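A short worksheet on the structure shown next.
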Amino acid sequence: MATETVLIDKLLHAVVRQGASDLHITVGQPPVIRHDGHLVKLKTKVLEPADTMSLMKSIAPDRCQQELQAVGTSDFGMAFGDLARFRVSIFKQRGNIAMVLRQIPAKLLTMEQLGLPPACVRLLQRPRGLFLVTGPTGSGKSTSLAAMINYINENFDHHIVTVEDPIEFYHFHKKSTINQREIGVDVPSFSEALRRALRQDPDVILVGELRDLPTIEAAITAAETGHIVFGTLHTTGAQGTVNRIIDVFPTNQQDQIRTQLSTSIIAVLSQALLPKIGGGRIAAYELLVCNSAIGNLIRENKTFRITSSIQTGAKQGMVLLDDSLFTLWREQKCSKADVMAKAQLPDELAARIANAERGMFDDEDDVKSNAKEAH
């Protein structure tokens with residue numbers, strides 16, 4: 001067993017040293033790391049079934065090994081000394097054991113370092129409401145949330161309760177008091193934790209994932225009753241996020257949910273992570289700030305008009321994902337191919353880039369003001 005422990009340590013050291021985001025372990029190939037979005041095989045031996053099994057056993061807690069046997073998969077968080085934390089998913093494939101370990105940086109980045117839209121700072125000072133952070137897996141949602149929670153922790157005397165599966169970033173008490181609860185360790189489910197949280201005198205509640213109807217219902221209720229609630233969804237764009245939440249509910253409840261959402265949503269921050277020219281990665285953001293006009297669109301089931309409202313809401317700090325992508329391309333931070341791959345309306349973005357390449361901005365002042373708001 002000792003030799004395998006050395007092996008996992010060596011692999012994790014490689015991940016931290018090379019600044020990789022993930023480590024993949026599966027039978028039939030050497031360990032693989034994801035670096036700046038690309039998968040790279042490590043120059044070590046091809047893994048046998050016995051290797052992946054002993055690697056898993058060297059790090060997985062007993063309860064997770066039992067869950068793996070029972071349901072074929074399990075997730076947990078682990079510390080790697082003081083160097084980093086990892087979020088680990090162990091699972092069975094073709095009857096063998098496989099693992100993916102995602103590196104969680106030890107150091108919290110600030111909102112400025114992440115390039116979050118400046119309006120976010122103002123939004124965090126709101127006394128109550130639902131703040132949604134959305135985007136595909138691996139787009140940096142957890143990192144953005146950790147930065148926002150840390151900002152509140154440093155600047156306000158709040159009680160912050162987080163519910164996570166598993167806990168990713170560790171927060172320490174600063175100006176705020178912070179309690180972090182892990183699903184499966186401290187509490188059985190998100191919805192249960194949310195219901196209980198309301199009795200724990202919270203000011204701010206972070207829900208790792210709004211993954212089912214009871215959790216979404218509990219989050220909306222908490223947001224309505226005077227708490228700031230942060231939640232994540234795997235949706236892209238503000239418009240798609242609002243629709244997704246409404247669609248989770250049965251048809252006969254949807255009107256009521258639209259009304260509740262129209263008054264409880266503070267903002268939707270949607271993000272995408274792109275390879276940066278010269279190495280590393282950078283995020284593009286879409287920010288919807290829910291004002292009375294957007295509240296009306298949600299209530300009246302006119303969410304298809306949200307995108308154009310974001311466009312006209314630049315003065316309130318709103319920004320469209322495609323504008324943010326265009327700025328990253330124009331500032332030569334990302335390649336044309338990479339920004340196109342993340343675009344909401346690729347044809348329109350392609351036309352804008354083509355115009356810019358020809359040196360004829362259709363609306364130069366407009367683009368400049370949008371870019372300023374975005375960054």
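The way I read the labels, and the way they are meant: chains A, B, ... in the order of the structure tokens, residue 1 as the first residue of every chain, and ligand 1 as the first ligand shown, with later ones counted on from there.
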Practice problem: May I have the residues within 12 Å of Leu297 in chain A as a PyMOL selection string, using only C-alpha atoms and disregarding those fewer than 3 positions away in the same chain? | Solution: chain A and resi 239+242-243+258-259+261-263+290-294+300-310
Exercise. Taking the DSSP assignment computed from this structure's backbone, write out as a VMD selection string all residues of range 5-245 of chain A that belong to alpha helix (DSSP H).
Key: chain A and resid 5 to 18 49 to 59 62 to 71 111 to 114 119 to 123 141 to 155 190 to 197 213 to 224 238 to 245
Quiz item: Quick one: residues within 8 Å of Leu210 in chain A, only C-alpha atoms counted, chain neighbours fewer than 5 positions away excluded, as an MDAnalysis selection string?
Solution: chainID A and resid 215:216 231:233
Exercise. Excluding Pro31 in chain A and any residue of its chain fewer than 2 positions from it, enumerate the residues within 8 Å of it, using only C-alpha atoms, and give them as an MDAnalysis selection string.
Key: chainID A and resid 23:26 29 33 41:42 44 46:47
With all heavy atoms retained, could you export that selection as an mmCIF file, in the first residue's frame?
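Once everything was written out, this is out.cif:
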data_model
loop_
_atom_site.group_PDB
_atom_site.id
_atom_site.type_symbol
_atom_site.label_atom_id
_atom_site.label_comp_id
_atom_site.auth_asym_id
_atom_site.auth_seq_id
_atom_site.Cartn_x
_atom_site.Cartn_y
_atom_site.Cartn_z
ATOM 1 N N LEU A 23 -6.714 15.748 -12.754
ATOM 2 C CA LEU A 23 -5.925 14.531 -12.945
ATOM 3 C C LEU A 23 -6.911 13.402 -13.223
ATOM 4 O O LEU A 23 -7.862 13.200 -12.465
ATOM 5 C CB LEU A 23 -5.123 14.233 -11.673
ATOM 6 C CG LEU A 23 -4.429 12.863 -11.587
ATOM 7 C CD1 LEU A 23 -3.320 12.733 -12.640
ATOM 8 C CD2 LEU A 23 -3.832 12.643 -10.193
ATOM 9 N N HIS A 24 -6.718 12.702 -14.351
ATOM 10 C CA HIS A 24 -7.593 11.582 -14.726
ATOM 11 C C HIS A 24 -6.844 10.272 -14.538
ATOM 12 O O HIS A 24 -5.720 10.125 -15.038
ATOM 13 C CB HIS A 24 -8.006 11.691 -16.203
ATOM 14 C CG HIS A 24 -8.919 12.843 -16.489
ATOM 15 N ND1 HIS A 24 -10.238 12.681 -16.842
ATOM 16 C CD2 HIS A 24 -8.704 14.181 -16.466
ATOM 17 C CE1 HIS A 24 -10.791 13.869 -17.028
ATOM 18 N NE2 HIS A 24 -9.873 14.800 -16.803
ATOM 19 N N ILE A 25 -7.491 9.340 -13.847
ATOM 20 C CA ILE A 25 -6.874 8.029 -13.615
ATOM 21 C C ILE A 25 -7.845 6.954 -14.081
ATOM 22 O O ILE A 25 -8.976 6.857 -13.577
ATOM 23 C CB ILE A 25 -6.539 7.871 -12.110
ATOM 24 C CG1 ILE A 25 -5.338 8.774 -11.774
ATOM 25 C CG2 ILE A 25 -6.252 6.418 -11.759
ATOM 26 C CD1 ILE A 25 -5.020 8.886 -10.320
ATOM 27 N N THR A 26 -7.444 6.195 -15.074
ATOM 28 C CA THR A 26 -8.317 5.136 -15.584
ATOM 29 C C THR A 26 -7.460 4.009 -16.161
ATOM 30 O O THR A 26 -6.286 4.221 -16.484
ATOM 31 C CB THR A 26 -9.322 5.694 -16.628
ATOM 32 O OG1 THR A 26 -10.297 4.693 -16.927
ATOM 33 C CG2 THR A 26 -8.653 6.139 -17.909
ATOM 34 N N GLN A 29 -4.315 3.315 -19.712
ATOM 35 C CA GLN A 29 -3.426 4.399 -20.148
ATOM 36 C C GLN A 29 -2.728 5.001 -18.930
ATOM 37 O O GLN A 29 -3.156 4.774 -17.800
ATOM 38 C CB GLN A 29 -4.186 5.469 -20.927
ATOM 39 C CG GLN A 29 -5.208 6.240 -20.128
ATOM 40 C CD GLN A 29 -5.779 7.425 -20.911
ATOM 41 O OE1 GLN A 29 -5.554 7.560 -22.106
ATOM 42 N NE2 GLN A 29 -6.510 8.276 -20.230
ATOM 43 N N ILE A 33 -3.235 14.538 -17.235
ATOM 44 C CA ILE A 33 -3.607 15.801 -16.589
ATOM 45 C C ILE A 33 -4.247 16.736 -17.616
ATOM 46 O O ILE A 33 -3.983 16.622 -18.817
ATOM 47 C CB ILE A 33 -2.389 16.513 -15.927
ATOM 48 C CG1 ILE A 33 -1.305 16.842 -16.963
ATOM 49 C CG2 ILE A 33 -1.829 15.689 -14.785
ATOM 50 C CD1 ILE A 33 -0.190 17.754 -16.426
ATOM 51 N N LYS A 41 -0.942 13.221 -21.451
ATOM 52 C CA LYS A 41 -0.584 11.975 -20.755
ATOM 53 C C LYS A 41 0.755 12.149 -20.033
ATOM 54 O O LYS A 41 1.698 12.703 -20.612
ATOM 55 C CB LYS A 41 -0.482 10.819 -21.747
ATOM 56 C CG LYS A 41 -1.828 10.422 -22.296
ATOM 57 C CD LYS A 41 -1.777 9.217 -23.214
ATOM 58 C CE LYS A 41 -3.196 8.935 -23.707
ATOM 59 N NZ LYS A 41 -3.290 7.912 -24.718
ATOM 60 N N LEU A 42 0.813 11.658 -18.799
ATOM 61 C CA LEU A 42 2.083 11.716 -18.071
ATOM 62 C C LEU A 42 2.968 10.562 -18.527
ATOM 63 O O LEU A 42 2.465 9.499 -18.908
ATOM 64 C CB LEU A 42 1.838 11.630 -16.556
ATOM 65 C CG LEU A 42 1.066 12.811 -15.952
ATOM 66 C CD1 LEU A 42 0.828 12.595 -14.461
ATOM 67 C CD2 LEU A 42 1.808 14.135 -16.157
ATOM 68 N N THR A 44 4.429 7.974 -17.498
ATOM 69 C CA THR A 44 4.608 6.905 -16.515
ATOM 70 C C THR A 44 3.951 5.656 -17.070
ATOM 71 O O THR A 44 3.462 5.653 -18.207
ATOM 72 C CB THR A 44 3.948 7.264 -15.158
ATOM 73 O OG1 THR A 44 2.564 7.514 -15.410
ATOM 74 C CG2 THR A 44 4.562 8.488 -14.522
ATOM 75 N N VAL A 46 1.466 2.492 -17.957
ATOM 76 C CA VAL A 46 0.030 2.323 -18.232
ATOM 77 C C VAL A 46 -0.608 1.666 -17.007
ATOM 78 O O VAL A 46 -0.054 0.708 -16.441
ATOM 79 C CB VAL A 46 -0.168 1.434 -19.492
ATOM 80 C CG1 VAL A 46 -1.628 1.033 -19.655
ATOM 81 C CG2 VAL A 46 0.337 2.186 -20.728
ATOM 82 N N LEU A 47 -1.749 2.199 -16.570
ATOM 83 C CA LEU A 47 -2.370 1.710 -15.330
ATOM 84 C C LEU A 47 -3.146 0.416 -15.542
ATOM 85 O O LEU A 47 -3.906 0.282 -16.507
ATOM 86 C CB LEU A 47 -3.306 2.785 -14.767
ATOM 87 C CG LEU A 47 -2.632 4.105 -14.355
ATOM 88 C CD1 LEU A 47 -3.677 5.169 -14.071
ATOM 89 C CD2 LEU A 47 -1.728 3.910 -13.140
#
Practice problem: Report the distance between CA of Ile97 in chain A and CA of Ser74 in chain A in Å, rounded to one decimal place. | Solution: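 Pair CA of Ile97 in chain A / CA of Ser74 in chain A returns 11.3 Å.
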Taking only residues of range 31-120 of chain A that have an atom at most 12 Å from an atom of range 320-331 of chain A, what is each one's shortest atom pair and its distance in Å to one decimal, using only C-alpha atoms, in chain and number order, as a Markdown table?
| residue | atom | partner | partner_atom | distance |
| --- | --- | --- | --- | --- |
| A:Gly115 | CA | A:Ser324 | CA | 10.8 |
| A:Leu116 | CA | A:Ser324 | CA | 11.0 |
| A:Pro117 | CA | A:Ser324 | CA | 9.9 |
Go ahead and save the picked residues with C-alpha atoms, as a PDB file, in the first residue's frame.
ATOM      1  CA  GLY A 115     -12.014  40.054 -13.830  1.00  0.00           C
ATOM      2  CA  LEU A 116     -15.572  39.769 -12.480  1.00  0.00           C
ATOM      3  CA  PRO A 117     -17.857  42.571 -13.706  1.00  0.00           C
TER       4      PRO A 117
END
Between range 255-373 of chain A and range 127-137 of chain A, at 9 Å or less, what are the per-residue closest atom pairs and their distances in Å? Count only C-alpha atoms, order by chain and rising residue number, and return it as CSV.
residue,atom,partner,partner_atom,distance
A:Leu261,CA,A:Leu130,CA,8.4
A:Thr263,CA,A:Gly129,CA,8.1
A:Ser264,CA,A:Gly129,CA,4.8
A:Ile265,CA,A:Leu130,CA,4.5
A:Ile266,CA,A:Gly129,CA,5.4
A:Ala267,CA,A:Phe131,CA,5.1
A:Val268,CA,A:Leu132,CA,4.7
A:Leu269,CA,A:Val133,CA,4.8
A:Ser270,CA,A:Thr134,CA,4.6
A:Gln271,CA,A:Gly135,CA,5.2
A:Ala272,CA,A:Gly135,CA,6.2
Next, dump the selected residues to file, keeping only N, CA, C and O atoms, as a tab-separated table (two decimals), in the first residue's frame.
chain	number	residue	atom	x	y	z
A	261	LEU	N	-39.78	34.70	-8.67
A	261	LEU	CA	-38.45	34.96	-9.22
A	261	LEU	C	-38.27	36.42	-9.59
A	261	LEU	O	-37.21	37.00	-9.39
A	263	THR	N	-39.25	39.01	-8.25
A	263	THR	CA	-38.91	39.89	-7.12
A	263	THR	C	-37.70	39.39	-6.34
A	263	THR	O	-37.10	40.15	-5.59
A	264	SER	N	-37.34	38.10	-6.49
A	264	SER	CA	-36.25	37.59	-5.63
A	264	SER	C	-34.89	37.53	-6.31
A	264	SER	O	-33.86	37.55	-5.62
A	265	ILE	N	-34.83	37.48	-7.65
A	265	ILE	CA	-33.50	37.40	-8.29
A	265	ILE	C	-32.78	38.75	-8.19
A	265	ILE	O	-33.36	39.78	-8.52
A	266	ILE	N	-31.54	38.74	-7.69
A	266	ILE	CA	-30.71	39.95	-7.69
A	266	ILE	C	-29.97	40.03	-9.03
A	266	ILE	O	-29.95	41.05	-9.70
A	267	ALA	N	-29.33	38.90	-9.39
A	267	ALA	CA	-28.49	38.91	-10.58
A	267	ALA	C	-28.23	37.49	-11.05
A	267	ALA	O	-28.34	36.53	-10.28
A	268	VAL	N	-27.88	37.38	-12.34
A	268	VAL	CA	-27.41	36.11	-12.90
A	268	VAL	C	-26.05	36.40	-13.53
A	268	VAL	O	-25.93	37.23	-14.43
A	269	LEU	N	-25.02	35.72	-13.03
A	269	LEU	CA	-23.67	35.84	-13.59
A	269	LEU	C	-23.39	34.53	-14.33
A	269	LEU	O	-23.40	33.47	-13.72
A	270	SER	N	-23.20	34.64	-15.64
A	270	SER	CA	-22.95	33.43	-16.43
A	270	SER	C	-21.53	33.52	-16.94
A	270	SER	O	-21.10	34.59	-17.36
A	271	GLN	N	-20.79	32.43	-16.89
A	271	GLN	CA	-19.39	32.55	-17.30
A	271	GLN	C	-18.91	31.39	-18.16
A	271	GLN	O	-19.48	30.30	-18.14
A	272	ALA	N	-17.86	31.66	-18.92
A	272	ALA	CA	-17.22	30.65	-19.76
A	272	ALA	C	-15.71	30.84	-19.60
A	272	ALA	O	-15.24	31.97	-19.48
Exercise. Determine which residues of range 6-218 of chain A receive a DSSP assignment of strand (DSSP E), computed from the backbone, and state them as an MDAnalysis selection string.
Key: chainID A and resid 22:25 32:35 38:41 73:80 84:93 96:105 129:134 159:164 177:182 204:207
Store the residues picked out above, limited to C-alpha atoms, as a PDB file, in the first residue's frame.
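Writing the result to out-v1.pdb gives the following:
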ATOM      1  CA  ASP A  22      -7.494  17.968 -13.275  1.00  0.00           C
ATOM      2  CA  LEU A  23      -5.925  14.531 -12.945  1.00  0.00           C
ATOM      3  CA  HIS A  24      -7.593  11.582 -14.726  1.00  0.00           C
ATOM      4  CA  ILE A  25      -6.874   8.029 -13.615  1.00  0.00           C
ATOM      5  CA  VAL A  32      -3.564  12.150 -17.661  1.00  0.00           C
ATOM      6  CA  ILE A  33      -3.607  15.801 -16.589  1.00  0.00           C
ATOM      7  CA  ARG A  34      -5.680  18.658 -17.991  1.00  0.00           C
ATOM      8  CA  HIS A  35      -3.488  21.685 -18.573  1.00  0.00           C
ATOM      9  CA  HIS A  38      -5.878  20.248 -22.985  1.00  0.00           C
ATOM     10  CA  LEU A  39      -5.391  16.636 -21.851  1.00  0.00           C
ATOM     11  CA  VAL A  40      -1.757  15.527 -21.550  1.00  0.00           C
ATOM     12  CA  LYS A  41      -0.584  11.975 -20.755  1.00  0.00           C
ATOM     13  CA  THR A  73     -19.709   6.461  -7.792  1.00  0.00           C
ATOM     14  CA  SER A  74     -18.762   8.773  -4.934  1.00  0.00           C
ATOM     15  CA  ASP A  75     -17.381  12.300  -4.455  1.00  0.00           C
ATOM     16  CA  PHE A  76     -15.289  13.802  -1.683  1.00  0.00           C
ATOM     17  CA  GLY A  77     -12.878  16.637  -0.969  1.00  0.00           C
ATOM     18  CA  MET A  78      -9.326  16.079   0.282  1.00  0.00           C
ATOM     19  CA  ALA A  79      -6.420  18.266   1.353  1.00  0.00           C
ATOM     20  CA  PHE A  80      -2.987  17.694  -0.165  1.00  0.00           C
ATOM     21  CA  ALA A  84      -3.872  22.417  -2.536  1.00  0.00           C
ATOM     22  CA  ARG A  85      -7.238  20.784  -2.070  1.00  0.00           C
ATOM     23  CA  PHE A  86      -8.794  18.351  -4.500  1.00  0.00           C
ATOM     24  CA  ARG A  87     -12.379  17.529  -5.321  1.00  0.00           C
ATOM     25  CA  VAL A  88     -12.364  13.830  -6.138  1.00  0.00           C
ATOM     26  CA  SER A  89     -14.868  11.757  -8.099  1.00  0.00           C
ATOM     27  CA  ILE A  90     -14.342   7.992  -7.944  1.00  0.00           C
ATOM     28  CA  PHE A  91     -16.454   5.773 -10.212  1.00  0.00           C
ATOM     29  CA  LYS A  92     -16.697   2.402 -11.892  1.00  0.00           C
ATOM     30  CA  GLN A  93     -16.304   1.973 -15.645  1.00  0.00           C
ATOM     31  CA  ASN A  96     -12.867  -1.168 -13.084  1.00  0.00           C
ATOM     32  CA  ILE A  97     -12.167   1.825 -10.867  1.00  0.00           C
ATOM     33  CA  ALA A  98     -11.531   5.279 -12.360  1.00  0.00           C
ATOM     34  CA  MET A  99     -10.961   8.665 -10.708  1.00  0.00           C
ATOM     35  CA  VAL A 100     -10.926  12.326 -11.638  1.00  0.00           C
ATOM     36  CA  LEU A 101      -9.311  14.774  -9.217  1.00  0.00           C
ATOM     37  CA  ARG A 102      -9.994  18.493  -9.712  1.00  0.00           C
ATOM     38  CA  GLN A 103      -7.465  20.866  -8.151  1.00  0.00           C
ATOM     39  CA  ILE A 104      -8.935  23.587  -5.958  1.00  0.00           C
ATOM     40  CA  PRO A 105      -6.328  26.338  -5.598  1.00  0.00           C
ATOM     41  CA  GLY A 129     -32.279  37.931  -2.938  1.00  0.00           C
ATOM     42  CA  LEU A 130     -31.046  35.166  -5.200  1.00  0.00           C
ATOM     43  CA  PHE A 131     -27.641  35.546  -6.890  1.00  0.00           C
ATOM     44  CA  LEU A 132     -27.134  32.818  -9.506  1.00  0.00           C
ATOM     45  CA  VAL A 133     -23.735  31.853 -10.917  1.00  0.00           C
ATOM     46  CA  THR A 134     -24.039  29.678 -14.010  1.00  0.00           C
ATOM     47  CA  HIS A 159     -23.343  34.842   9.330  1.00  0.00           C
ATOM     48  CA  ILE A 160     -22.534  32.843   6.191  1.00  0.00           C
ATOM     49  CA  VAL A 161     -23.720  29.240   5.841  1.00  0.00           C
ATOM     50  CA  THR A 162     -22.456  27.220   2.867  1.00  0.00           C
ATOM     51  CA  VAL A 163     -23.872  23.866   1.742  1.00  0.00           C
ATOM     52  CA  GLU A 164     -21.478  22.065  -0.582  1.00  0.00           C
ATOM     53  CA  THR A 177     -18.809  34.049  10.932  1.00  0.00           C
ATOM     54  CA  ILE A 178     -18.798  31.202   8.407  1.00  0.00           C
ATOM     55  CA  ASN A 179     -20.088  27.633   8.747  1.00  0.00           C
ATOM     56  CA  GLN A 180     -19.526  25.168   5.906  1.00  0.00           C
ATOM     57  CA  ARG A 181     -21.659  22.020   5.705  1.00  0.00           C
ATOM     58  CA  GLU A 182     -20.791  19.094   3.487  1.00  0.00           C
ATOM     59  CA  VAL A 204     -25.894  34.689   3.510  1.00  0.00           C
ATOM     60  CA  ILE A 205     -26.491  31.120   2.295  1.00  0.00           C
ATOM     61  CA  LEU A 206     -24.466  29.447  -0.432  1.00  0.00           C
ATOM     62  CA  VAL A 207     -26.045  26.388  -2.066  1.00  0.00           C
TER      63      VAL A 207
END
Practice problem: Within 12 Å of Gln113 in chain A, counting only C-alpha atoms, which residues show up once you throw out same-chain ones fewer than 6 positions away? Write them as JSON, numbers by chain, please. | Solution: {"A": [107, 143, 144, 147, 148, 282, 283, 375]}
Produce a file of the selected residues containing C-alpha atoms, as an mmCIF file, in the first residue's frame.
data_model
loop_
_atom_site.group_PDB
_atom_site.id
_atom_site.type_symbol
_atom_site.label_atom_id
_atom_site.label_comp_id
_atom_site.auth_asym_id
_atom_site.auth_seq_id
_atom_site.Cartn_x
_atom_site.Cartn_y
_atom_site.Cartn_z
ATOM 1 C CA LYS A 107 -5.234 30.685 -2.523
ATOM 2 C CA THR A 143 -13.834 30.105 -7.955
ATOM 3 C CA SER A 144 -16.091 33.118 -8.606
ATOM 4 C CA ALA A 147 -14.186 35.208 -4.289
ATOM 5 C CA MET A 148 -17.631 36.726 -3.620
ATOM 6 C CA ILE A 282 -9.372 33.657 -18.760
ATOM 7 C CA ALA A 283 -13.107 34.020 -18.152
ATOM 8 C CA HIS A 375 -13.932 44.902 -17.683
#
Quiz item: Taking only C-alpha atoms into account, which of A:Ile228, A:Ile277, A:Leu108, A:Met53 comes nearest Leu198 in chain A?
Solution: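 With only C-alpha atoms as the atom set, the closest residue is A:Ile228.
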Quiz item: Which is closer to Gly226 in chain A than all the others in A:Arg358, A:Lys45, A:Arg352, A:Arg126, using only C-alpha atoms?
Solution: A:Arg126
